[in-house]
Amino acid sequence: MTMNNQLDGTSLTIAIEGRIDTQTAPQLEENIKNSIDGVTSLVLDFTQVGYISSAGLRAVLAAQNWMDAKGGSMVIRGAAKNIVGVFKVTGFDTFLTLE
């Protein structure tokens with residue numbers, strides 16, 4: 001998995017490429033945690049994500065909780081049908097913003 005952070009004022013976009021699984025989810029979580037100071041809008045660009053495991057879901061949930069605690073917003077952008085399906089089956093679509 002690779003990540004590319006793009007900060008524009010108080011908006012941060014993290015473009016993720018590859019799989020978000022047990023091996024890579026901790027890296028994603030750490031990147032988000034270390035990058036959101038002063039950020040009010042977080043966009044996770046899932047355009048190039050092909051798979052997400054339960055560990056990846058936990059990282060996404062942690063990010064959403066951090067942004068909620070700050071009074072900020074978070075969006076998952078460009079997720080493939082299979083990823084959106086995972087969000088729906090797990091109920092994550094009820095509290096995540098998917099674009």
# chains A, B, ... in the order shown; residues from 1 in each chain; ligands from 1

call {"tool": "residues_around", "arguments": {"residues": "range 34-51 of chain A", "least_positions_apart": "6", "cutoff": "6 Å", "atoms": "only C-alpha atoms", "output": "ChimeraX atom specification"}}
result
/A:10-19,72-79

call {"tool": "select_by_dssp", "arguments": {"residues": "chain A", "states": "strand (DSSP E or B)", "output": "PyMOL selection string"}}
result
chain A and resi 2-8+11-20+41-52+73-77+97-98

call {"tool": "closest_residue", "arguments": {"among": "A:Asp8, A:Glu29, A:Asp21, A:Glu99", "to": "Ala59 in chain A", "atoms": "only C-alpha atoms"}}
result
A:Glu29

call {"tool": "closest_residue", "arguments": {"among": "A:Ala25, A:Met1, A:Leu98, A:Met67", "to": "Ile83 in chain A", "atoms": "only C-alpha atoms"}}
result
A:Leu98

call {"tool": "select_by_dssp", "arguments": {"residues": "chain A", "states": "helix (DSSP H, G or I)", "output": "MDAnalysis selection string"}}
result
chainID A and resid 25:35 54:70 81:90 92:94
